[in-house]
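Shown here: model_37.txt, compact mmCIF, C-alpha atoms.
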```txt
# COMPACT_ATOMS: atom_id res chain seq x y z
CA ALA I 1 25.33 -12.68 -18.23
CA ALA I 2 22.59 -15.02 -17.01
CA GLU I 3 22.79 -16.96 -20.26
CA LEU I 4 26.52 -17.50 -19.72
CA ASP I 5 26.11 -18.45 -16.04
CA SER I 6 22.55 -19.23 -14.98
CA GLN I 7 23.71 -20.12 -11.44
CA TRP I 8 25.18 -16.69 -10.66
CA PRO I 9 22.75 -15.27 -8.05
CA THR I 10 24.04 -11.68 -8.27
CA VAL I 11 22.90 -11.36 -11.88
CA HIS I 12 19.39 -12.55 -11.04
CA GLY I 13 19.29 -10.30 -7.98
CA LEU I 14 20.25 -7.22 -9.96
CA LYS I 15 17.82 -8.08 -12.75
CA SER I 16 14.96 -8.43 -10.26
CA ALA I 17 15.79 -5.01 -8.77
CA VAL I 18 15.78 -3.39 -12.23
CA LEU I 19 12.44 -5.02 -13.07
CA CYS I 20 11.04 -3.69 -9.81
CA ARG I 21 12.26 -0.17 -10.64
CA LEU I 22 10.47 -0.54 -13.99
CA LYS I 23 7.33 -1.51 -12.00
CA ARG I 24 7.21 -4.94 -13.64
CA PHE I 25 6.48 -6.48 -10.26
CA GLU I 26 5.38 -9.98 -11.29
CA GLN I 27 8.55 -10.47 -13.33
CA ALA I 28 10.64 -9.02 -10.51
CA ILE I 29 9.21 -11.60 -8.10
CA GLU I 30 9.81 -14.45 -10.56
CA VAL I 31 13.47 -13.47 -11.07
CA ALA I 32 13.96 -12.88 -7.33
CA ASN I 33 12.64 -16.39 -6.67
CA THR I 34 15.13 -17.79 -9.19
CA CYS I 35 17.89 -15.98 -7.32
CA LEU I 36 16.68 -17.27 -3.95
CA GLU I 37 16.64 -20.87 -5.21
CA ILE I 38 20.37 -20.46 -5.82
CA ASP I 39 21.12 -18.32 -2.76
CA PRO I 40 18.23 -18.36 -0.24
CA GLY I 41 19.81 -15.63 1.86
CA MET I 42 20.57 -13.03 -0.79
CA VAL I 43 19.57 -9.68 0.72
CA LEU I 44 18.92 -7.83 -2.56
CA ALA I 45 16.54 -10.51 -3.82
CA LEU I 46 14.62 -10.61 -0.51
CA LYS I 47 14.32 -6.81 -0.42
CA THR I 48 13.15 -6.69 -4.02
CA LYS I 49 10.66 -9.50 -3.50
CA ALA I 50 9.21 -7.80 -0.40
CA THR I 51 8.91 -4.50 -2.29
CA ALA I 52 7.23 -6.04 -5.34
CA LEU I 53 4.80 -8.06 -3.21
CA SER I 54 3.91 -4.93 -1.26
CA GLN I 55 3.23 -2.96 -4.45
CA LEU I 56 0.94 -5.75 -5.68
CA GLY I 57 -1.02 -5.64 -2.43
CA ARG I 58 0.15 -9.11 -1.36
CA SER I 59 0.75 -7.94 2.20
CA GLU I 60 1.14 -11.28 4.00
CA GLU I 61 3.74 -12.49 1.52
CA ALA I 62 5.56 -9.14 1.75
CA VAL I 63 5.74 -9.44 5.55
CA SER I 64 7.00 -13.03 5.20
CA ALA I 65 9.80 -11.94 2.85
CA TYR I 66 10.76 -9.14 5.25
CA LEU I 67 10.89 -11.55 8.21
CA LYS I 68 13.09 -13.90 6.19
CA LEU I 69 15.41 -10.96 5.51
CA LYS I 70 15.56 -10.06 9.22
CA SER I 71 16.13 -13.72 10.14
CA ASN I 72 19.04 -14.02 7.74
CA ALA I 73 20.57 -10.90 9.25
CA GLY I 74 20.42 -12.53 12.69
CA HIS I 75 17.57 -10.40 14.04
CA LYS I 76 14.43 -11.78 15.58
CA SER I 77 11.57 -9.40 14.87
CA GLU I 78 9.02 -8.78 17.61
CA GLU I 79 7.18 -6.11 15.62
CA SER I 80 3.57 -6.48 14.57
CA ASP I 81 2.74 -7.38 10.97
CA ALA I 82 1.26 -3.89 10.50
CA VAL I 83 4.52 -2.19 11.50
CA ILE I 84 6.56 -4.58 9.37
CA LEU I 85 4.30 -3.92 6.40
CA SER I 86 4.64 -0.14 6.85
CA LYS I 87 8.43 -0.55 6.76
CA VAL I 88 8.22 -2.68 3.64
CA GLN I 89 6.00 -0.07 1.98
CA ASN I 90 8.38 2.72 2.96
CA ALA I 91 11.31 0.79 1.50
CA ALA I 92 9.25 0.31 -1.64
CA ASN I 93 8.66 4.04 -1.91
CA LEU I 94 12.39 4.69 -1.64
CA LEU I 95 13.21 2.05 -4.26
CA LEU I 96 10.54 3.26 -6.66
CA SER I 97 11.08 7.00 -6.16
CA SER I 98 13.15 7.41 -9.34
CA SER I 99 10.33 9.01 -11.27
CA ASP I 100 7.24 9.60 -9.21
CA THR I 101 8.00 9.83 -5.54
CA MET I 102 5.44 12.51 -4.95
CA THR I 103 3.84 14.05 -7.97
CA SER I 104 2.68 17.60 -7.58
CA PRO I 105 -0.53 18.34 -9.50
CA GLY I 106 1.35 21.30 -10.92
CA LYS I 107 4.30 19.35 -12.23
CA ASN I 108 2.46 17.90 -15.19
CA GLN I 109 1.61 21.39 -16.36
CA ALA I 110 5.14 22.01 -17.57
CA SER I 111 4.14 22.05 -21.22
CA THR I 112 1.57 24.76 -20.52
CA GLU I 113 4.21 26.69 -18.61
CA LEU I 114 6.37 26.87 -21.74
CA ALA I 115 3.70 26.87 -24.44
CA GLU I 116 1.33 29.49 -23.09
CA GLY I 117 2.71 32.89 -23.87
CA ASP I 118 5.54 31.38 -25.90
CA ASP I 119 5.31 33.11 -29.25
CA SER I 120 8.08 31.09 -30.87
CA PHE I 121 5.58 29.57 -33.31
CA GLU I 122 3.06 32.38 -33.61
CA THR I 123 2.62 34.26 -36.84
CA GLU I 124 1.97 37.77 -35.15
CA ASP I 125 5.38 35.42 10.55
CA GLU I 126 3.62 32.30 9.99
CA ASP I 127 5.58 29.80 12.15
CA GLU I 128 3.30 30.55 15.09
CA GLU I 129 0.32 29.78 12.92
CA ASP I 130 1.92 26.44 12.07
CA GLU I 131 2.29 25.57 15.74
CA GLU I 132 -1.38 26.35 16.34
CA GLU I 133 -2.39 24.14 13.42
CA GLU I 134 -0.20 21.35 14.75
CA GLU I 135 -1.80 21.55 18.19
CA GLU I 136 -5.26 21.40 16.61
CA GLY I 137 -4.26 18.42 14.49
CA ASP I 138 -2.86 16.59 17.52
CA GLU I 139 -5.89 17.00 19.78
CA GLY I 140 -6.74 13.68 21.31
CA ASP I 141 -3.58 12.00 20.03
CA GLU I 142 -2.51 10.78 23.45
CA GLY I 143 -5.72 8.87 23.85
CA SER I 144 -5.64 7.31 20.42
CA ARG I 145 -2.03 6.32 19.96
CA GLY I 146 -2.34 2.85 21.38
CA SER I 147 0.72 0.64 21.45
CA ARG I 148 4.11 1.58 20.08
CA ASP I 149 3.57 -1.04 17.39
CA ASP I 150 0.70 1.01 15.95
CA PRO I 151 1.74 2.03 12.39
CA ALA I 152 0.24 5.46 13.13
CA ASN I 153 3.22 6.03 15.42
CA ASP I 154 5.72 5.29 12.64
CA PRO I 155 6.80 8.66 11.13
CA TYR I 156 7.47 7.09 7.76
CA PHE I 157 4.06 5.45 7.73
CA LEU I 158 2.64 8.94 8.33
CA VAL I 159 4.80 10.38 5.56
CA ASP I 160 3.47 7.75 3.14
CA LYS I 161 -0.08 8.57 4.20
CA GLY I 162 0.65 12.27 3.75
CA ARG I 163 2.00 11.62 0.27
CA ASP I 164 -1.18 9.82 -0.71
CA LEU I 165 -3.31 12.68 0.62
CA PHE I 166 -1.11 15.22 -1.17
CA ASN I 167 -1.59 13.42 -4.46
CA GLU I 168 -5.34 13.50 -3.84
CA GLU I 169 -5.02 17.28 -3.24
CA GLU I 170 -6.12 16.87 0.39
CA TYR I 171 -3.50 19.36 1.52
CA GLU I 172 -4.73 20.11 5.05
CA SER I 173 -4.96 16.43 5.93
CA ALA I 174 -1.57 15.76 4.32
CA GLN I 175 0.00 18.55 6.34
CA ARG I 176 -1.38 17.10 9.57
CA CYS I 177 0.26 13.76 8.73
CA PHE I 178 3.61 15.40 7.99
CA LYS I 179 3.49 17.48 11.17
CA LYS I 180 2.62 14.46 13.28
CA ALA I 181 5.57 12.60 11.74
CA ILE I 182 7.84 15.48 12.76
CA LYS I 183 6.37 15.48 16.27
CA ILE I 184 7.29 11.80 16.59
CA ASP I 185 10.71 12.21 14.93
CA GLU I 186 11.90 15.78 14.42
CA SER I 187 14.69 14.54 12.13
CA CYS I 188 12.25 13.00 9.60
CA ALA I 189 13.46 14.89 6.52
CA PRO I 190 10.77 13.64 4.07
CA ALA I 191 8.07 15.12 6.33
CA TYR I 192 9.59 18.61 6.02
CA THR I 193 9.81 18.07 2.27
CA GLY I 194 6.12 17.17 2.21
CA ILE I 195 5.13 20.38 3.99
CA GLY I 196 7.32 22.35 1.61
CA MET I 197 5.55 20.74 -1.34
CA ILE I 198 2.20 21.85 0.06
CA TYR I 199 3.35 25.47 0.41
CA ALA I 200 4.80 25.35 -3.10
CA GLU I 201 1.48 24.11 -4.43
CA GLU I 202 -0.15 27.09 -2.71
CA GLU I 203 2.47 29.34 -4.39
CA GLU I 204 4.00 30.30 -1.05
CA TYR I 205 7.46 29.67 -2.42
CA GLU I 206 9.53 31.44 0.24
CA LYS I 207 7.88 29.40 2.97
CA ALA I 208 8.26 26.25 0.87
CA ILE I 209 11.99 26.92 0.59
CA SER I 210 12.27 27.28 4.38
CA TYR I 211 10.84 23.78 4.80
CA PHE I 212 13.06 22.31 2.10
CA ASP I 213 15.99 23.84 3.98
CA LYS I 214 14.81 22.14 7.18
CA ALA I 215 14.67 18.81 5.33
CA LEU I 216 18.19 19.29 4.00
CA GLY I 217 19.38 20.30 7.46
CA HIS I 218 18.38 16.85 8.69
CA ASP I 219 19.46 14.99 5.56
CA SER I 220 21.87 16.79 3.25
CA GLU I 221 21.19 14.17 0.56
CA GLU I 222 17.38 14.51 0.52
CA VAL I 223 17.15 14.67 -3.28
CA GLU I 224 13.43 15.40 -3.35
CA ALA I 225 13.95 18.50 -1.19
CA MET I 226 16.74 19.71 -3.51
CA HIS I 227 14.57 19.16 -6.59
CA ASN I 228 11.54 20.92 -5.21
CA LYS I 229 13.59 23.75 -3.73
CA GLY I 230 14.94 24.25 -7.25
CA ASP I 231 11.38 24.35 -8.59
CA ALA I 232 10.48 26.97 -5.98
CA TYR I 233 13.42 29.13 -7.01
CA ARG I 234 12.40 28.72 -10.65
CA HIS I 235 8.92 30.02 -9.87
CA LEU I 236 10.56 32.96 -8.09
CA GLU I 237 12.61 33.50 -11.29
CA GLU I 238 15.87 32.89 -9.43
CA LEU I 239 17.03 30.68 -12.26
CA GLU I 240 20.71 30.37 -11.40
CA ASN I 241 19.84 29.16 -7.91
CA ALA I 242 17.37 26.69 -9.40
CA LEU I 243 19.94 25.35 -11.84
CA GLU I 244 22.52 24.88 -9.08
CA LEU I 245 20.05 22.84 -7.02
CA TYR I 246 19.07 20.63 -9.96
CA ASP I 247 22.75 19.90 -10.60
CA GLN I 248 23.24 19.01 -6.92
CA ALA I 249 20.25 16.68 -7.05
CA LEU I 250 21.44 15.05 -10.25
CA ALA I 251 24.87 14.45 -8.74
CA LEU I 252 23.09 12.21 -6.22
CA ASP I 253 20.38 10.80 -8.50
CA ASP I 254 20.67 11.08 -12.27
CA GLU I 255 17.92 8.52 -12.94
CA THR I 256 14.91 10.66 -12.06
CA ALA I 257 13.34 12.04 -15.22
CA GLY I 258 11.56 14.84 -13.35
CA ILE I 259 14.81 16.48 -12.27
CA HIS I 260 16.14 16.47 -15.85
CA ASN I 261 12.82 17.96 -16.99
CA SER I 262 12.99 20.73 -14.39
CA LYS I 263 16.55 21.54 -15.41
CA ALA I 264 15.54 21.61 -19.08
CA ILE I 265 12.62 23.99 -18.41
CA THR I 266 14.99 26.31 -16.55
CA LEU I 267 17.55 26.23 -19.37
CA HIS I 268 14.78 26.97 -21.88
CA THR I 269 13.60 29.93 -19.81
CA MET I 270 17.19 31.22 -19.72
CA GLY I 271 17.35 30.95 -23.52
CA ASN I 272 19.81 28.02 -23.52
CA TYR I 273 17.75 25.98 -25.96
CA GLU I 274 20.48 23.60 -27.13
CA GLU I 275 21.35 22.66 -23.53
CA ALA I 276 17.66 22.29 -22.74
CA LEU I 277 17.33 19.76 -25.58
CA LEU I 278 20.11 17.63 -24.07
CA SER I 279 18.28 17.50 -20.73
CA TYR I 280 14.96 16.68 -22.41
CA ASP I 281 16.62 13.85 -24.32
CA THR I 282 17.96 12.40 -21.06
CA ALA I 283 14.54 12.72 -19.42
CA LEU I 284 12.86 10.94 -22.33
CA LYS I 285 15.35 8.08 -22.20
CA LEU I 286 14.32 7.59 -18.57
CA ASP I 287 10.61 8.09 -19.20
CA PRO I 288 9.83 7.65 -22.92
CA GLU I 289 6.07 8.09 -22.41
CA ASP I 290 6.18 11.56 -20.81
CA ALA I 291 3.99 13.69 -23.07
CA ASP I 292 5.00 16.95 -21.36
CA ALA I 293 8.68 16.30 -22.00
CA TYR I 294 7.96 15.89 -25.71
CA PHE I 295 5.90 19.10 -25.76
CA ASN I 296 8.59 21.03 -23.89
CA LYS I 297 11.32 19.68 -26.15
CA ALA I 298 9.23 20.78 -29.13
CA ALA I 299 9.05 24.30 -27.65
CA SER I 300 12.86 24.47 -27.51
CA LEU I 301 13.12 23.15 -31.06
CA GLY I 302 10.66 25.83 -32.17
CA LYS I 303 12.82 28.54 -30.63
CA LEU I 304 15.67 27.18 -32.75
CA LYS I 305 13.36 27.24 -35.82
CA LYS I 306 13.67 23.47 -36.21
CA TYR I 307 10.01 23.12 -37.08
CA GLU I 308 10.08 19.68 -38.67
CA GLU I 309 11.71 18.20 -35.55
CA ALA I 310 9.29 20.12 -33.34
CA ILE I 311 6.36 18.64 -35.29
CA SER I 312 7.72 15.13 -34.67
CA CYS I 313 7.96 15.84 -30.94
CA TYR I 314 4.42 17.20 -30.72
CA VAL I 315 3.04 14.23 -32.66
CA GLU I 316 4.91 11.77 -30.41
CA GLY I 317 3.73 13.52 -27.26
CA LEU I 318 0.13 13.57 -28.46
CA ASN I 319 0.29 9.78 -28.75
CA TYR I 320 0.43 9.78 -24.94
CA ASP I 321 -1.82 12.79 -24.24
CA ASP I 322 -4.21 13.78 -26.99
CA GLU I 323 -6.23 16.08 -24.70
CA ASP I 324 -3.69 18.91 -24.46
CA ALA I 325 -5.19 21.87 -26.34
CA SER I 326 -2.00 23.91 -26.07
CA ALA I 327 0.03 21.15 -27.73
CA HIS I 328 -2.44 20.96 -30.65
CA LEU I 329 -2.30 24.76 -30.96
CA GLN I 330 1.50 24.85 -31.03
CA LEU I 331 1.55 21.96 -33.50
CA GLY I 332 -0.73 24.04 -35.72
CA HIS I 333 1.74 26.95 -35.49
CA CYS I 334 4.57 24.62 -36.56
CA TYR I 335 2.64 23.39 -39.60
CA ARG I 336 1.80 26.97 -40.48
CA ARG I 337 5.48 27.92 -40.28
CA ILE I 338 6.28 25.35 -42.99
CA LYS I 339 3.19 26.49 -44.93
CA ASP I 340 1.28 23.24 -44.51
CA TYR I 341 -2.01 25.08 -43.94
CA GLN I 342 -4.21 21.98 -44.26
CA LYS I 343 -2.50 20.21 -41.35
CA ALA I 344 -2.32 23.48 -39.43
CA LEU I 345 -6.11 23.82 -39.78
CA GLN I 346 -6.60 20.26 -38.54
CA SER I 347 -4.50 21.00 -35.45
CA TYR I 348 -6.33 24.27 -34.74
CA ASN I 349 -9.66 22.46 -35.05
CA LYS I 350 -8.53 19.85 -32.52
CA ALA I 351 -7.39 22.58 -30.13
CA LEU I 352 -10.69 24.43 -30.56
CA LYS I 353 -12.66 21.25 -29.90
CA LEU I 354 -10.87 20.94 -26.55
CA GLU I 355 -11.17 24.66 -25.76
CA PRO I 356 -14.30 25.84 -27.63
CA ASP I 357 -14.44 29.21 -25.82
CA ASP I 358 -10.87 30.23 -26.59
CA ASP I 359 -11.08 33.28 -28.86
CA GLN I 360 -7.39 33.21 -29.72
CA ILE I 361 -7.53 29.65 -31.04
CA GLN I 362 -10.62 30.64 -33.05
CA GLN I 363 -8.68 33.54 -34.61
CA TYR I 364 -5.80 31.28 -35.61
CA ARG I 365 -8.24 28.78 -37.04
CA ASP I 366 -10.09 31.43 -39.06
CA SER I 367 -6.85 32.95 -40.33
CA CYS I 368 -5.62 29.56 -41.49
CA GLN I 369 -8.98 28.83 -43.17
CA ALA I 370 -8.67 32.12 -45.04
CA LYS I 371 -5.18 31.13 -46.27
CA LEU I 372 -6.61 27.91 -47.72
CA GLU I 373 -9.49 29.70 -49.41
CA HIS I 374 -7.13 32.08 -51.19
```

Would you mind giving the structure from this file in structure tokens?
Amino acid sequence: AAELDSQWPTVHGLKSAVLCRLKRFEQAIEVANTCLEIDPGMVLALKTKATALSQLGRSEEAVSAYLKLKSNAGHKSEESDAVILSKVQNAANLLLSSSDTMTSPGKNQASTELAEGDDSFETEDEDEEDEEEEEEGDEGDEGSRGSRDDPANDPYFLVDKGRDLFNEEEYESAQRCFKKAIKIDESCAPAYTGIGMIYAEEEEYEKAISYFDKALGHDSEEVEAMHNKGDAYRHLEELENALELYDQALALDDETAGIHNSKAITLHTMGNYEEALLSYDTALKLDPEDADAYFNKAASLGKLKKYEEAISCYVEGLNYDDEDASAHLQLGHCYRRIKDYQKALQSYNKALKLEPDDDQIQQYRDSCQAKLEH
């Protein structure tokens, strides 16, 4: 469209937003600037430019773009640069949340969840406690809050800080941030979601669900809460409830690969392997470098005895993560199923190199070696 009409600002604005979603921030800024040369007041281009600049750490330029946006809307901003920057960063998180809003350390273990113990290829009242914790975490707050322009008083700034701490597995500190955000704004849905994620990580799924419900009570379209509530139900083996929540989340956001992956894992667990494959395919279109999605898809293909296709999936996934011993093991099982014992042995050796104390892998390796010797 830009080739046909290079002076159409909407096309450039949309292209810059897509580039930003793909995390190609320099290109997004370049295209946004092209758009702003044609239409200096285009909101989408200014928002995208501010987001991309923020993600590149170019804070002063991000603040400038945000102020330009406010000016064009007829608002004079009296906020400090720190507060403005926190708002820009929060907007960036929302724009970029399609695939990795808050990554649980447990989420990337999905392949292990399906592969371990999956023989498809084998040849043989705590609320009071919370209040106490919150009081402890808030000691001295009144003396340290400073002015209202302090970013530490912005609930979404605190949520972002909590997310960072969560991803660093600093759960107690993350929880304090989320609780402080709620104390400032009790309707801050992402803060409840954050606390729920912490309880889920600690395998306290019922309590996690209660916090996801609180988030959804304040924002019925909090997709992240729906997704993670579904994951909690899946861990509790309430698979129908999980599936319903994933479908609700996807009705609001069908561009997040993680939700499609979670749905696929649930379908696989329910024995609906063909449907699981469809969800994995969608997830991989959205995130074609997700090793776990390839491994999980291979597990479903193995259940359907489509070993050649499963081998292709394992090989593709290992291009992105060659350190997954379980994937090498399952790949070995696939090769063994089609009687390619030489390649099976190679895969078992790679798995054993990664897990040298695993007796089961050693047994598979020795059994395959014996096949070759006879």

Around (-8.2, 32.7, -35.4), as given in the file, which residues come within 12 Å? Count only C-alpha atoms and list them as number ranges by chain. I: 122-124, 329, 332-333, 344-345, 348-349, 351-352, 357-371

Name all residues at most 8 Å from range 25-42 of chain I (count all atoms listed in the file; drop same-chain ones fewer than 5 positions away) and give them as JSON, numbers by chain. {"I": [7, 8, 9, 10, 12, 13, 15, 16, 17, 18, 19, 20, 48, 49, 52, 53, 55, 56, 69, 72]}

Mind giving me the straight-line distance from CA of Val223 in chain I to CA of Lys180 in chain I in Å, one decimal?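 Here the two named atoms are 22.0 Å from each other.
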
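Picture a line from CA of Lys297 in chain I to CA of Lys353 in chain I; it runs 24.3 Å.
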
So, with only C-alpha atoms as the atoms that count, which of I:Ile259, I:Leu252, I:Ala208, I:Leu301 lies closest to Leu286 in chain I?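 Distance minimum relative to Leu286 in chain I lands on I:Ile259.
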
One number please: CA of Ala251 in chain I to CA of Tyr280 in chain I, in Å, one decimal. 17.0 Å

Within 12 Å of file point (11.2, 12.3, 13.3), counting all atoms listed in the file, expressed as JSON, numbers by chain: {"I": [153, 154, 155, 156, 157, 158, 159, 177, 178, 179, 180, 181, 182, 183, 184, 185, 186, 187, 188, 189, 190, 191, 192, 215, 218, 219]}

Put a box with edges along x, y and z around all the listed atoms of range 343-359 of chain I, pad it by 3 Å on each side, then give me its centre and sizes in Å, one decimal, as AutoDock Vina command-line options.
```
--center_x -8.4 --center_y 26.6 --center_z -33.6 --size_x 18.1 --size_y 19.4 --size_z 21.6
```
